[in-house]
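Trainee: Structure below; questions to follow.
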Amino acid sequence: MPNPHVLIAGAGLGGLLSADLLLDRGLDVTLLERSAPLGGLAQTDEQAGFSLHRGPRALYRGGALRRLLLAQGIEVRGHVPPNRGVCASRGGDIVPLLGATKGGRWRLLPALTTLWRTSPAAVAHRGVSGWLAEQTRGNAEALAFLQAAVRIATYCAADDLSAEVALGQLQGAARGVLYLDGGWSRLVEQLARKVRARGARIVTEAAVHKLEHGPDGVRLETARGAYEGDAVVLACARPAAQTLLDGALAPAEPAQVSCLDLALRGTCRGPTLVLGIDAPTYLSVHSRVAALAPAGDEVVHVVGYDGAPRAALERVLDGWDPAWRDRVVHVRYLPRMNVTGHLPTGAEGGLAARASSDFAPRVQLVGDWVGPEGYLADGTAHSAEAACHCIAARLHRAPLAGAA
Ligand SMILES: Cc1cc2nc3c(=O)[nH]c(=O)nc-3n(C[C@H](O)[C@H](O)[C@H](O)COP(=O)(O)OP(=O)(O)OC[C@H]3O[C@@H](n4cnc5c(N)ncnc54)[C@H](O)[C@@H]3O)c2cc1C
């Protein structure tokens with residue numbers, strides 16, 4: 001009898017990880033990817049020797065993605081950005097974070113102590129703004145600092161972001177993040193090589209435009225013909241999944257950012273990380289931490305929230321290095337990137353309100369908008385584990401080792 005066959009729509013990190021997990025269980029796998037390149041949002045573009053993410057990327061050291069990659073034998077090579085070299089941007093000027101005084105830092109301590117002692121799940125129903133205001137008890141400097149820290153950790157400036165997400169990300173960031181040498185496409189390349197070598201078929205430029213599922217199996221129609229299988233994993237980002245499921249998902253808002261990605265000749269004396277205190281922005285010189293630029297050159301990412309215009313991001317750069325325009329090798333503005341397809345709010349109860357990965361007996365969902373655990377790429381990793389566990393069990397195989 002042939003092995004059960006699983007179709008996967010989308011070959012970003014979620015689709016590729018799902019393929020590897022399903023192959024572990026002896027299932028046959030075909031990946032159908034809309035684009036020519038693999039990797040989705042985890043792509044890193046090579047420009048004249050520079051490696052440019054589409055917006056900055058930090059892998060949480062204690063998160064589900066790193067744990068799963070390592071368990072699957074994928075090398076994760078990166079470095080932790082140091083705390084020194086972090087500054088604030090206020091009124092267009094670069095100033096020390098928390099003022100120049102030790103007193104600024106001490107005044108933050110009571111709020112930080114409460115934050116580390118609180119369980120994220122306990123504040124899932126709270127909007128982050130009101131909750132942070134309570135924790136900082138009128139200390140405007142501590143509030144502004146924590147708001148900026150939440151923005152960088154969540155890629156979100158919304159008042160009603162669930163405090164569960166904000167606190168979970170802050171606690172995760174305190175355990176450290178990694179900037180990866182060569183960028184996240186190193187992960188994509190390794191995963192693609194591995195699943196191909198194990199027999200998975202990867203079909204590119206094959207956008208799935210129709211899904212049929214029933215008791216006997218699934219059928220997908222793509223630009224390259226129709227595919228039949230025993231089950232399907234939709235790992236294709238929320239808008240595409242919503243279309244394929246005929247609008248059956250409950251409505252949800254995405255979290256969006258605008259990014260300016262820069263390849264710059266030479267270096268400057270500006271700080272490595274600049275947190276916008278009076279404006280929702282941040283700037284990061286990723287190449288000072290990881291191997292992403294030729295020696296002596298720089299890769300810089302600037303982020304603004306909720307559709308920040310290019311001019312707002314350039315103002316941050318002007319404060320960081322007034323001569324940056326003379327150094328440009330390549331610059332790219334990416335407006336309104338979806339950092340997650342479902343922004344978990346306090347009003348809806350946090351992460352638990354996201355779609356279940358187990359959509360139907362033969363249809364599983366994977367992505368950073370799915371399931372009750374993990375945010376951003378860690379949500380994708382958690383949902384891939386849950387979805388593959390469920391498929392393997394349904395197709396009468398042993399459950400995945402180590403799956404929740
Ligand atoms: C600016 C920015 C910064 C980020 N920073 C971080 C960070 O620091 N840390 C972190 O953990 N996460 C971060 N993220 C989030 C992280 O990049 C994503 O969570 C993760 O890459 C999502 O992977 P995925 O496979 O679930 O989805 P995607 O990467 O969106 O992959 C979906 C794939 O499906 C394909 N597809 C779409 N429609 C179809 C169709 N109809 N048929 C076939 N294929 C289809 C797409 O082409 C794509 O390849 C960031 C995201 C952004 C935008």
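Quick note on naming: the chains in the structure tokens go A, B, ... in the order shown, residues restart at 1 in each chain, and ligands are numbered from 1 in order of appearance.
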Within 9 Å of segment 38-49 of chain A, counting only C-alpha atoms, which residues show up once you throw out same-chain ones fewer than 3 positions away? Write them as a PyMOL selection string, please.
Mentor: chain A and resi 10-16+33-35+52-54+57+182-189+192+204+236+263+292-294+329-330+339
Trainee: Can you pull out the residues contacting Leu395 of chain A? Cut-off 10 Å, using only C-alpha atoms, and skip same-chain residues under 5 positions away; I want them as an MDAnalysis selection string.
Mentor: chainID A and resid 3:6 27 230:231 362 390
Trainee: Determine the nearest neighbour of ligand 1 from the options A:Leu245, A:Ala207, A:Leu17, A:Leu283, counting only C-alpha atoms and all ligand atoms.
Mentor: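 Looking at the shortest contact to ligand 1, the residue is A:Ala207.
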Trainee: Tell me which of A:Glu164, A:Val232, A:Gly214, A:Val316 sits closest to Gln364 of chain A, counting only C-alpha atoms.
Mentor: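 Nearest to Gln364 of chain A: A:Val232.
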Trainee: Just how far from atom CA of Tyr375 of chain A is atom CA of Arg151 of chain A, in Å to one decimal?
Mentor: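 Taking atom CA of Arg151 of chain A as the start and atom CA of Tyr375 of chain A as the end point, the length is 13.4 Å.
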Trainee: Compare A:Pro280, A:Gly176, A:Pro271, A:Gly168 by their minimum atom-to-atom distance to Trp116 of chain A, counting only C-alpha atoms, and give me the closest one.
Mentor: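 Among A:Pro280, A:Gly176, A:Pro271, A:Gly168, it is A:Gly168 that comes nearest to Trp116 of chain A.
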Trainee: Identify, with DSSP run on backbone atoms, the residues in segment 56-270 of chain A assigned to strand (DSSP E), and express the list as a PyMOL selection string.
Mentor: chain A and resi 59-60+78-79+86-90+93-96+177-180+201-203+208-214+217-222+225-229+231-234+255-264
Trainee: Can you write just those residues out, N, CA and C atoms, as a short mmCIF file (atom, residue, chain, number, x, y, z; two decimals), in the first residue's frame?
Mentor:
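Generated output (part-v9.cif):
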data_model
loop_
_atom_site.label_atom_id
_atom_site.label_comp_id
_atom_site.auth_asym_id
_atom_site.auth_seq_id
_atom_site.Cartn_x
_atom_site.Cartn_y
_atom_site.Cartn_z
N LEU A 59 15.61 35.94 15.88
CA LEU A 59 15.11 34.62 16.26
C LEU A 59 15.18 34.51 17.78
N TYR A 60 14.04 34.21 18.41
CA TYR A 60 14.03 34.13 19.87
C TYR A 60 14.75 32.85 20.32
N GLY A 78 24.08 32.19 14.67
CA GLY A 78 23.83 33.61 14.83
C GLY A 78 24.45 34.14 16.10
N HIS A 79 24.19 35.40 16.39
CA HIS A 79 24.81 36.08 17.52
C HIS A 79 23.77 36.92 18.25
N VAL A 86 22.65 50.64 22.71
CA VAL A 86 21.23 50.92 22.51
C VAL A 86 20.95 52.36 22.92
N CYS A 87 20.35 53.13 22.04
CA CYS A 87 20.02 54.52 22.33
C CYS A 87 18.56 54.78 22.01
N ALA A 88 18.11 55.97 22.33
CA ALA A 88 16.74 56.37 22.03
C ALA A 88 16.75 57.49 21.00
N SER A 89 15.67 57.58 20.25
CA SER A 89 15.50 58.72 19.36
C SER A 89 14.34 59.55 19.91
N ARG A 90 14.63 60.83 20.18
CA ARG A 90 13.61 61.72 20.78
C ARG A 90 13.68 63.05 20.03
N ASP A 93 16.54 63.59 17.66
CA ASP A 93 17.92 63.48 18.16
C ASP A 93 18.15 62.10 18.76
N ILE A 94 19.40 61.66 18.73
CA ILE A 94 19.76 60.40 19.39
C ILE A 94 20.21 60.74 20.81
N VAL A 95 19.55 60.14 21.79
CA VAL A 95 19.85 60.44 23.20
C VAL A 95 20.04 59.12 23.94
N PRO A 96 20.67 59.15 25.13
CA PRO A 96 20.81 57.90 25.89
C PRO A 96 19.45 57.33 26.25
N VAL A 177 17.87 37.12 21.83
CA VAL A 177 17.48 36.83 20.45
C VAL A 177 18.76 36.65 19.65
N LEU A 178 18.61 36.06 18.47
CA LEU A 178 19.78 35.84 17.60
C LEU A 178 19.57 36.55 16.27
N TYR A 179 20.59 37.27 15.81
CA TYR A 179 20.63 37.72 14.43
C TYR A 179 21.45 36.68 13.67
N LEU A 180 20.93 36.16 12.57
CA LEU A 180 21.55 35.01 11.93
C LEU A 180 22.56 35.42 10.85
N ARG A 201 8.42 16.47 -2.95
CA ARG A 201 8.38 17.16 -4.24
C ARG A 201 8.05 18.62 -3.96
N ILE A 202 8.82 19.55 -4.54
CA ILE A 202 8.50 20.98 -4.36
C ILE A 202 8.19 21.55 -5.73
N VAL A 203 6.96 22.04 -5.90
CA VAL A 203 6.55 22.63 -7.18
C VAL A 203 6.42 24.13 -6.97
N VAL A 208 -2.01 27.84 -5.41
CA VAL A 208 -3.24 27.05 -5.24
C VAL A 208 -4.42 28.01 -5.30
N HIS A 209 -5.39 27.75 -6.20
CA HIS A 209 -6.53 28.67 -6.27
C HIS A 209 -7.84 28.00 -5.93
N LYS A 210 -7.84 26.68 -5.71
CA LYS A 210 -9.09 26.02 -5.31
C LYS A 210 -8.77 24.81 -4.43
N LEU A 211 -9.57 24.65 -3.39
CA LEU A 211 -9.40 23.51 -2.48
C LEU A 211 -10.75 22.79 -2.34
N GLU A 212 -10.72 21.47 -2.54
CA GLU A 212 -11.90 20.64 -2.25
C GLU A 212 -11.46 19.58 -1.25
N HIS A 213 -12.29 19.37 -0.21
CA HIS A 213 -11.95 18.32 0.75
C HIS A 213 -13.20 17.58 1.16
N GLY A 214 -13.05 16.29 1.40
CA GLY A 214 -14.20 15.46 1.77
C GLY A 214 -13.71 14.24 2.49
N GLY A 217 -10.60 12.40 0.70
CA GLY A 217 -9.31 13.03 0.40
C GLY A 217 -9.45 14.50 0.05
N VAL A 218 -8.37 15.05 -0.50
CA VAL A 218 -8.37 16.48 -0.85
C VAL A 218 -7.91 16.64 -2.29
N ARG A 219 -8.31 17.77 -2.87
CA ARG A 219 -7.92 18.08 -4.25
C ARG A 219 -7.61 19.57 -4.33
N LEU A 220 -6.42 19.89 -4.86
CA LEU A 220 -6.04 21.29 -5.01
C LEU A 220 -5.86 21.60 -6.48
N GLU A 221 -6.36 22.76 -6.90
CA GLU A 221 -6.11 23.22 -8.26
C GLU A 221 -5.08 24.32 -8.23
N THR A 222 -4.08 24.21 -9.11
CA THR A 222 -3.02 25.22 -9.16
C THR A 222 -2.82 25.66 -10.61
N GLY A 225 -1.78 22.72 -12.73
CA GLY A 225 -2.58 21.49 -12.77
C GLY A 225 -3.14 21.14 -11.40
N ALA A 226 -3.86 20.02 -11.35
CA ALA A 226 -4.53 19.61 -10.11
C ALA A 226 -3.72 18.54 -9.39
N TYR A 227 -3.83 18.56 -8.05
CA TYR A 227 -3.11 17.59 -7.21
C TYR A 227 -4.12 16.97 -6.24
N GLU A 228 -3.99 15.64 -6.05
CA GLU A 228 -4.87 14.96 -5.09
C GLU A 228 -4.03 14.35 -3.97
N GLY A 229 -4.60 14.30 -2.77
CA GLY A 229 -3.88 13.73 -1.64
C GLY A 229 -4.83 13.29 -0.56
N ALA A 231 -4.56 14.47 2.68
CA ALA A 231 -4.78 15.61 3.58
C ALA A 231 -4.02 16.80 3.03
N VAL A 232 -4.37 18.00 3.53
CA VAL A 232 -3.67 19.20 3.09
C VAL A 232 -3.29 20.06 4.29
N VAL A 233 -2.11 20.68 4.20
CA VAL A 233 -1.69 21.70 5.17
C VAL A 233 -1.71 23.03 4.43
N LEU A 234 -2.52 23.97 4.91
CA LEU A 234 -2.50 25.31 4.34
C LEU A 234 -1.50 26.14 5.14
N ALA A 255 -1.18 42.64 11.92
CA ALA A 255 -0.28 43.69 12.42
C ALA A 255 0.65 44.04 11.28
N GLN A 256 0.77 45.35 11.02
CA GLN A 256 1.55 45.76 9.85
C GLN A 256 2.66 46.73 10.23
N VAL A 257 3.78 46.63 9.52
CA VAL A 257 4.87 47.61 9.68
C VAL A 257 5.34 48.06 8.31
N SER A 258 6.03 49.22 8.29
CA SER A 258 6.74 49.67 7.09
C SER A 258 8.22 49.54 7.39
N CYS A 259 8.99 49.15 6.38
CA CYS A 259 10.43 48.91 6.60
C CYS A 259 11.25 49.64 5.55
N LEU A 260 12.40 50.11 5.99
CA LEU A 260 13.41 50.64 5.07
C LEU A 260 14.63 49.75 5.27
N ASP A 261 15.03 49.04 4.22
CA ASP A 261 16.18 48.12 4.30
C ASP A 261 17.32 48.76 3.52
N LEU A 262 18.49 48.87 4.16
CA LEU A 262 19.59 49.60 3.51
C LEU A 262 20.89 48.80 3.49
N ALA A 263 21.57 48.82 2.33
CA ALA A 263 22.94 48.34 2.21
C ALA A 263 23.80 49.58 2.09
N LEU A 264 24.72 49.80 3.04
CA LEU A 264 25.50 51.04 3.08
C LEU A 264 27.00 50.75 3.00
#
Trainee: Just give me the gap between atom CA of Pro56 of chain A and atom 2 (C, counted along the ligand's line) of ligand 1 in Å, one decimal is fine.
Mentor: 6.1 Å
Trainee: So which one's closest to ligand 1, A:Gln72, A:Asn338, A:Ser119, A:Ser383? Using only C-alpha atoms and all ligand atoms, please.
Mentor: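 Result for the nearest residue to ligand 1: A:Asn338.
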Trainee: Identify which of the residues A:Ala291, A:Ala347, A:Ala122, A:Ala64 lies closest to ligand 1, counting only C-alpha atoms and all ligand atoms when measuring atom-to-atom distances.
Mentor: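 The closest residue to ligand 1 is A:Ala64.
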Trainee: Among segment 128-267 of chain A, which ones does DSSP assign to helix (DSSP H, G or I) (computed from the backbone)? Answer as a ChimeraX atom specification.
Mentor: /A:128-136,140-154,163-174,185-197,238-244
